[in-house]
Amino acid sequence: MSPFTKIAAVASIEFRVALRNRWLILATGVMTLFSLALTFSGAGGLELKAGILTLAAASLATLSVYLIPLIALLISYDSIAGEVERGTMALVMATPISRGALLAGKALGLIAVLAIAIAASLTISSAAAIFAYGMDMSGLAAIVRLGLTGLLLGAVFVAIGLMISVASPRAGQAAAVAIGVWLVATVLYDLALLAGILADKEGVFTKALFPYFVTANPGDAFRIFNLAGLENAAPVSGLDGIANTLPFSPLYALAGLFAWLVAALTAGYFQIRRLTP
Amino acid sequence: MTAGTAQTPILKIDGVGVTFADLKALQDVSFDVAPGEKLALLGHNGAGKSTLFKCVLGFLKPAAGRITVAGDAPGSNHARRSVSYLPEQVAFPRMLTGIEIITYFARLKSVDPREALPLLDLVGLAQAGRRRVGDYSKGMRQRLGLAQALIGKPDLLLLDEPTSGLDPVSRREFYEIIDRVAQEGAAVLLSSHALSEVEGHIDRIAILSKGRLVADGQIKTLAEAARLPITIRIKAREGQADALRDRFGGTRINGRSVELSCEPAGKIDLVSRLTERREEIDDIDIALPSLDDIYRFYSNLAEKGDAA
């Protein structure tokens with residue numbers, strides 16, 4: 001049997017455990033509620049300069065930056081540290097599966113959970129919007145783009161969550177670190193950048209460095225890529241204004257997300273090779 | 001030498017030492033296990049049994065010495081294909097069923113799950129296969145752990161206190177399965193903290209004490225080598241206890257009894273001298289050293305060594 005069979009075996013077990021622990025239903029439920037709420041609240045004062053789904057894509061891009069990393073970290077932080085703590089990991093690691101295949105299988109199983117949650121929530125909210133307000137083709141493309149890049153964002157944070165989980169001796173500690181990472185990545189990083197702009201007053205930081213700092217953050221990179229794709233069709237504010245004035249192609253933001261994914265998986269791989277269950 | 005050494009050992013442990021910070025967890029431990037042989041590794045909690053198992057599995061790298069599993073380094077792909085492991089507190093994801101667990105481990109071991117699932121029958125879990133492991137009793141989890149360890153006919157079974165928490169009936173069934181597997185050629189290394197528990201089920205014992213191997217051999221050989229005294233308790237007829245004590249020595253206990261101890265070699269001689277005085281004696285009890293006495297004797301050797 002090839003290593004892929006073993007990766008698939010780990011992924012399928014990881015997915016089943018997430019399913020039976022109600023993570024899948026919880027993630028799908030929360031995301032569906034939020035996307036329905038944002039889709040229809042965006043349509044409130046609808047003076048249709050842009051289609052309903054375009055507006056929804058803009059507000060979902062902003063919300064997903066918080067929600068997707070949070071769910072990704074919640075489903076992954078326990079995945080390895082918890083198994084080591086409960087004693088289930090020693091048995092798995094005694095079998096002839098490579099540590100890399102084990103990490104890859106776990107990542108794939110958890111990403112599958114996110115894929116279903118994202119696809120289901122966007123499908124339900126978009127179908128409801130189309131049913132209520134009619135078709136919006138360009139908006140639908142924006143939603144598809146949002147879903148695919150949202151999955152990439154989720155994969156990045158699953159990889160980060162697994163990396164935290166491998167490096168933590170206890171599941172409780174992994175949880176604390178994961179919440180810390182989430183706070184920094186989604187809130188504190190942006191606040192620090194805003195503080196930098198206010199202090200800098202149109203200096204070198206604001207003009208030359210700021211766009212790079214923003215795209216270096218996976219959440220911001222995801223948001224900027226999606227908002228840039230809407231081409232001014234939806235109103236943006238705050239940090240997101242940069243989406244329309246990037247000094248480089250938004251594709252670099254996407255490349256940044258891939259780079260995060262590769263970096264987190266690589267770091268996790270080197271950690272799991274040294275793990276003693 | 002021991003029974004299996006004619007064959008190439010499946011597990012070779014040679015001068016292994018492991019140190020955690022300033023604790024010497026294992027010091028210069030050496031022994032082999034041959035195919036078909038059942039060896040029990042005995043020791044108190046903290047004697048180094050689990051540490052040694054972790055070395056054999058490749059989880060820990062010994063600071064000194066060398067281990068080979070089926071001719072390869074522990075943790076290598078070939079070694080992991082040859083070894084199956086049952087940890088002391090076996091645990092599985094609670095949300096999965098017995099069938100799912102066996103299917104999962106069969107895939108990890110590159111074995112067709114259809115070949116592995118009958119093992120649930122073997123360990124008596126056929127009825128419980130569709131239930132979640134979270135609902136299993138400790139004994140059932142241990143049986144599932146054994147079924148998992150038997151997947152793919154491993155060359156070496158590494159069982160860490162496998163029968164702790166099992167009731168006597170399950171324990172017997174457990175050893176019957178181990179016997180069968182060993183007869184088919186697998187080497188079995190199991191750890192335990194009681195000699196009485198493994199007696200009759202294993203070919204050889206090795207005793208670890210404070211990280212050092214203090215004994216390695218068959219129970220009978222070790223018992224003879226220890227030369228532990230035999231205890232003879234005499235129940236005297238009314239008023240004869242003091243006379244018996246004066247004649248044979250020993251100590252008076254609870255009213256009418258006298259307790260003597262003698263070397264194994266002097267047993268027959270002492271008993272024949274006692275029967276000459278049979279009109280003074282009501283009853284005689286002969287107590288051979290128990291397995292736990294033998295175990296304690298070897299365990300204490302290491303401690304005396306420390307004191308010296």
# chains A, B, ... in the order shown; residues from 1 in each chain; ligands from 1

$ interface_residues --of "chain B" --to "chain A" --cutoff "10 Å" --atoms "only C-alpha atoms" --output "mmCIF file with C-alpha atoms, in the first residue's frame"
data_model
loop_
_atom_site.group_PDB
_atom_site.id
_atom_site.type_symbol
_atom_site.label_atom_id
_atom_site.label_comp_id
_atom_site.auth_asym_id
_atom_site.auth_seq_id
_atom_site.Cartn_x
_atom_site.Cartn_y
_atom_site.Cartn_z
ATOM 1 C CA LYS B 54 10.099 3.302 24.198
ATOM 2 C CA VAL B 56 12.602 -0.591 21.294
ATOM 3 C CA LEU B 57 9.843 1.359 19.524
ATOM 4 C CA GLY B 58 12.317 4.050 18.464
ATOM 5 C CA PHE B 59 10.564 6.799 20.473
ATOM 6 C CA LEU B 60 13.676 7.293 22.626
ATOM 7 C CA GLY B 75 11.868 3.098 14.573
ATOM 8 C CA SER B 76 13.045 2.221 11.061
ATOM 9 C CA ASN B 77 10.318 1.237 8.655
ATOM 10 C CA HIS B 78 11.312 -2.424 8.694
ATOM 11 C CA ALA B 79 11.495 -2.470 12.502
ATOM 12 C CA ARG B 80 8.065 -0.876 12.836
ATOM 13 C CA ARG B 81 6.608 -3.401 10.419
ATOM 14 C CA SER B 82 7.984 -6.190 12.627
ATOM 15 C CA VAL B 83 6.839 -4.867 16.016
ATOM 16 C CA SER B 84 3.385 -4.480 17.501
ATOM 17 C CA TYR B 85 2.852 -2.489 20.641
ATOM 18 C CA LEU B 86 0.252 -2.559 23.378
ATOM 19 C CA PRO B 87 0.773 0.300 25.845
ATOM 20 C CA GLU B 88 -0.028 0.007 29.536
ATOM 21 C CA GLN B 89 -3.052 2.286 29.472
ATOM 22 C CA VAL B 90 -4.274 1.540 25.981
ATOM 23 C CA ALA B 91 -6.468 4.300 24.611
ATOM 24 C CA PHE B 92 -8.350 4.860 21.389
ATOM 25 C CA PRO B 93 -10.410 7.786 20.128
ATOM 26 C CA ARG B 94 -13.615 7.398 22.160
ATOM 27 C CA MET B 95 -15.899 8.335 19.300
ATOM 28 C CA LEU B 96 -14.779 5.486 17.030
ATOM 29 C CA GLU B 100 -13.274 1.427 12.745
ATOM 30 C CA ILE B 101 -10.233 1.157 15.018
ATOM 31 C CA THR B 103 -9.762 -1.008 10.024
ATOM 32 C CA TYR B 104 -7.709 2.109 10.750
ATOM 33 C CA PHE B 105 -4.747 0.230 12.226
ATOM 34 C CA ALA B 106 -4.867 -2.387 9.477
ATOM 35 C CA ARG B 107 -4.480 0.402 6.916
ATOM 36 C CA LEU B 108 -1.637 1.981 8.896
ATOM 37 C CA LYS B 109 0.083 -1.413 8.891
ATOM 38 C CA SER B 110 -0.613 -1.998 5.178
ATOM 39 C CA VAL B 111 -2.829 -4.992 5.930
ATOM 40 C CA ASP B 112 -6.153 -5.620 4.183
ATOM 41 C CA GLY B 145 -5.603 -3.215 22.086
ATOM 42 C CA GLN B 148 -4.775 -4.183 17.236
ATOM 43 C CA ALA B 149 -1.372 -5.549 18.230
#

$ select_by_dssp --residues "region 66-226 of chain A" --states "alpha helix (DSSP H)" --output "JSON, numbers by chain"
{"A": [66, 67, 68, 69, 70, 71, 72, 73, 74, 75, 76, 78, 79, 80, 81, 82, 83, 84, 85, 86, 88, 89, 90, 91, 92, 93, 94, 99, 100, 101, 102, 103, 104, 105, 106, 107, 108, 109, 110, 111, 112, 113, 114, 115, 116, 117, 118, 119, 120, 121, 122, 123, 124, 125, 126, 127, 128, 129, 130, 131, 132, 133, 137, 138, 139, 140, 141, 142, 143, 144, 145, 146, 147, 148, 149, 150, 151, 152, 153, 154, 155, 156, 157, 158, 159, 160, 161, 162, 163, 164, 165, 166, 167, 171, 172, 173, 174, 175, 176, 177, 178, 179, 180, 181, 182, 183, 189, 190, 191, 192, 193, 194, 195, 196, 197, 198, 199, 200, 204, 210, 211, 212, 213, 214, 215, 216, 218, 219, 220, 221, 222, 223, 224, 225, 226]}

$ atom_distance --atom1 "CA of Arg170 (chain A)" --atom2 "CA of Leu152 (chain A)"
27.4 Å

$ closest_residue --among "B:Asp160, B:Asp282, B:Glu276, B:Asp292" --to "Gln240 (chain B)" --atoms "only C-alpha atoms"
B:Asp282

$ residues_around --residues "Met140 (chain B)" --least-positions-apart "6" --cutoff "9 Å" --atoms "only C-alpha atoms" --output "CSV table (one decimal) with N, CA, C and O atoms, in the first residue's frame"
chain,number,residue,atom,x,y,z
B,123,VAL,N,-10.5,-12.0,20.1
B,123,VAL,CA,-10.4,-11.4,21.4
B,123,VAL,C,-11.8,-11.3,22.1
B,123,VAL,O,-11.9,-10.7,23.2
B,124,GLY,N,-12.8,-11.8,21.5
B,124,GLY,CA,-14.1,-11.9,22.1
B,124,GLY,C,-14.9,-10.5,22.0
B,124,GLY,O,-15.7,-10.2,22.8
B,125,LEU,N,-14.6,-9.8,20.9
B,125,LEU,CA,-15.3,-8.5,20.8
B,125,LEU,C,-16.2,-8.4,19.6
B,125,LEU,O,-16.6,-7.3,19.2
B,128,ALA,N,-19.3,-6.5,20.1
B,128,ALA,CA,-19.1,-5.1,20.5
B,128,ALA,C,-18.5,-4.2,19.4
B,128,ALA,O,-18.3,-3.0,19.5
B,133,VAL,N,-15.9,3.0,21.3
B,133,VAL,CA,-14.9,2.6,22.3
B,133,VAL,C,-15.1,3.3,23.6
B,133,VAL,O,-14.8,2.8,24.7

$ closest_residue --among "A:Ala27, A:Leu53, A:Ala174, A:Ala255" --to "Ala132 (chain A)" --atoms "only C-alpha atoms"
A:Leu53

$ residues_around --residues "Tyr298 (chain B)" --least-positions-apart "2" --cutoff "12 Å" --atoms "only C-alpha atoms" --output "ChimeraX atom specification"
/B:42-44,195,205-210,212-217,219,222-223,225-228,291-296,300-305

$ atom_distance --atom1 "CA of Leu188 (chain A)" --atom2 "CA of Phe157 (chain A)"
16.6 Å

$ residues_around --residues "Ser79 (chain A)" --least-positions-apart "5" --cutoff "9 Å" --atoms "only C-alpha atoms" --output "short mmCIF file (atom, residue, chain, number, x, y, z; two decimals) with all heavy atoms, in the first residue's frame"
data_model
loop_
_atom_site.label_atom_id
_atom_site.label_comp_id
_atom_site.auth_asym_id
_atom_site.auth_seq_id
_atom_site.Cartn_x
_atom_site.Cartn_y
_atom_site.Cartn_z
N GLU A 14 -9.62 11.32 11.14
CA GLU A 14 -9.65 12.69 11.69
C GLU A 14 -11.01 13.34 11.37
O GLU A 14 -11.61 14.00 12.22
CB GLU A 14 -8.51 13.49 11.05
CG GLU A 14 -8.14 14.75 11.78
CD GLU A 14 -7.50 14.47 13.13
OE1 GLU A 14 -7.03 13.34 13.35
OE2 GLU A 14 -7.50 15.40 13.96
N VAL A 84 -1.57 12.77 22.19
CA VAL A 84 -0.40 12.38 22.99
C VAL A 84 -0.81 12.27 24.45
O VAL A 84 -0.49 11.30 25.15
CB VAL A 84 0.75 13.41 22.82
CG1 VAL A 84 1.87 13.14 23.82
CG2 VAL A 84 1.30 13.37 21.40
N LYS A 106 -3.77 14.27 8.95
CA LYS A 106 -4.53 15.06 9.91
C LYS A 106 -4.95 16.39 9.29
O LYS A 106 -6.09 16.82 9.42
CB LYS A 106 -3.70 15.30 11.18
CG LYS A 106 -3.61 14.07 12.04
CD LYS A 106 -3.22 14.41 13.45
CE LYS A 106 -3.44 13.23 14.37
NZ LYS A 106 -4.77 13.21 14.96
N GLY A 161 -2.44 25.58 13.52
CA GLY A 161 -2.99 24.90 14.70
C GLY A 161 -2.30 23.57 14.94
O GLY A 161 -1.99 23.21 16.08
N LEU A 162 -2.03 22.81 13.87
CA LEU A 162 -1.33 21.52 14.03
C LEU A 162 0.09 21.74 14.51
O LEU A 162 0.60 21.01 15.35
CB LEU A 162 -1.32 20.76 12.70
CG LEU A 162 -2.65 20.13 12.29
CD1 LEU A 162 -2.57 19.53 10.89
CD2 LEU A 162 -3.06 19.05 13.28
N SER A 165 -0.09 22.36 18.02
CA SER A 165 -0.45 21.12 18.70
C SER A 165 0.76 20.19 18.83
O SER A 165 0.93 19.54 19.86
CB SER A 165 -1.57 20.44 17.92
OG SER A 165 -2.20 19.47 18.70
N VAL A 166 1.58 20.13 17.80
CA VAL A 166 2.77 19.26 17.85
C VAL A 166 3.75 19.79 18.89
O VAL A 166 4.37 19.03 19.62
CB VAL A 166 3.47 19.21 16.47
CG1 VAL A 166 4.75 18.38 16.57
CG2 VAL A 166 2.58 18.60 15.43
N ALA A 171 -2.58 19.57 25.83
CA ALA A 171 -3.64 20.12 24.99
C ALA A 171 -4.08 21.49 25.52
O ALA A 171 -4.38 22.40 24.75
CB ALA A 171 -4.82 19.16 24.94
#

$ residues_around --residues "Val18 (chain B)" --least-positions-apart "2" --cutoff "10 Å" --atoms "only C-alpha atoms" --output "PyMOL selection string"
chain B and resi 16+20-21+23-29+48+51-52+55+60-65+211

$ write_last_selection --atoms "N, CA, C and O atoms" --output "compact mmCIF listing (two decimals), in the first residue's frame"
# COMPACT_ATOMS: atom_id res chain seq x y z
N VAL B 16 22.37 -1.17 26.75
CA VAL B 16 21.60 0.06 26.57
C VAL B 16 21.58 0.91 27.84
O VAL B 16 21.37 0.40 28.94
N PHE B 20 17.78 10.54 31.93
CA PHE B 20 16.92 11.73 31.90
C PHE B 20 17.47 12.71 32.92
O PHE B 20 17.50 12.41 34.11
N ALA B 21 17.89 13.88 32.45
CA ALA B 21 18.50 14.87 33.33
C ALA B 21 19.56 14.19 34.19
O ALA B 21 20.56 13.73 33.68
N LEU B 23 18.82 11.48 36.17
CA LEU B 23 18.34 10.14 36.55
C LEU B 23 18.81 9.12 35.51
O LEU B 23 18.59 9.30 34.31
N LYS B 24 19.48 8.08 35.99
CA LYS B 24 19.88 7.01 35.08
C LYS B 24 18.72 6.04 34.97
O LYS B 24 18.55 5.17 35.81
N ALA B 25 17.92 6.20 33.91
CA ALA B 25 16.71 5.38 33.77
C ALA B 25 17.05 3.95 33.40
O ALA B 25 16.38 3.02 33.81
N LEU B 26 18.09 3.77 32.58
CA LEU B 26 18.55 2.43 32.21
C LEU B 26 20.07 2.44 32.20
O LEU B 26 20.68 3.40 31.74
N GLN B 27 20.67 1.36 32.73
CA GLN B 27 22.12 1.28 32.74
C GLN B 27 22.56 -0.08 32.26
O GLN B 27 22.24 -1.10 32.88
N ASP B 28 23.29 -0.09 31.15
CA ASP B 28 23.94 -1.30 30.65
C ASP B 28 23.01 -2.51 30.64
O ASP B 28 23.34 -3.57 31.16
N VAL B 29 21.84 -2.35 30.03
CA VAL B 29 20.87 -3.45 29.96
C VAL B 29 21.11 -4.26 28.69
O VAL B 29 21.21 -3.68 27.61
N GLY B 48 12.18 1.11 34.89
CA GLY B 48 12.73 1.36 33.55
C GLY B 48 12.09 0.52 32.46
O GLY B 48 12.54 0.57 31.33
N THR B 51 10.51 2.76 29.76
CA THR B 51 11.59 3.45 29.05
C THR B 51 12.23 2.51 28.04
O THR B 51 12.49 2.88 26.89
N LEU B 52 12.45 1.27 28.46
CA LEU B 52 13.06 0.29 27.56
C LEU B 52 12.14 0.04 26.36
O LEU B 52 12.60 -0.04 25.21
N CYS B 55 12.43 2.72 23.88
CA CYS B 55 13.66 2.59 23.09
C CYS B 55 13.46 1.57 21.97
O CYS B 55 13.89 1.79 20.84
N LEU B 60 12.55 6.72 21.88
CA LEU B 60 13.68 7.29 22.63
C LEU B 60 14.97 6.74 22.03
O LEU B 60 15.03 5.56 21.71
N LYS B 61 15.97 7.60 21.93
CA LYS B 61 17.28 7.12 21.47
C LYS B 61 18.16 6.89 22.69
O LYS B 61 18.42 7.83 23.45
N PRO B 62 18.63 5.65 22.90
CA PRO B 62 19.50 5.40 24.05
C PRO B 62 20.80 6.19 23.92
O PRO B 62 21.31 6.37 22.82
N ALA B 63 21.31 6.65 25.07
CA ALA B 63 22.58 7.39 25.06
C ALA B 63 23.73 6.42 24.86
O ALA B 63 24.77 6.79 24.33
N ALA B 64 23.54 5.16 25.31
CA ALA B 64 24.60 4.18 25.16
C ALA B 64 24.01 2.86 24.69
O ALA B 64 22.83 2.60 24.89
N GLY B 65 24.84 2.03 24.06
CA GLY B 65 24.40 0.70 23.66
C GLY B 65 23.66 0.68 22.34
O GLY B 65 23.51 1.71 21.68
N GLY B 211 16.72 0.53 36.85
CA GLY B 211 17.38 0.71 35.56
C GLY B 211 18.41 -0.33 35.21
O GLY B 211 19.02 -0.27 34.15

$ atom_distance --atom1 "CA of Tyr77 (chain A)" --atom2 "CA of Leu151 (chain A)"
17.6 Å

$ closest_residue --among "B:Gly46, B:Pro229, B:Gly250, B:Gly139" --to "Cys262 (chain B)" --atoms "only C-alpha atoms"
B:Pro229

$ closest_residue --among "A:Leu193, A:Ile160, A:Leu153, A:Val181" --to "Gly256 (chain A)" --atoms "only C-alpha atoms"
A:Leu153
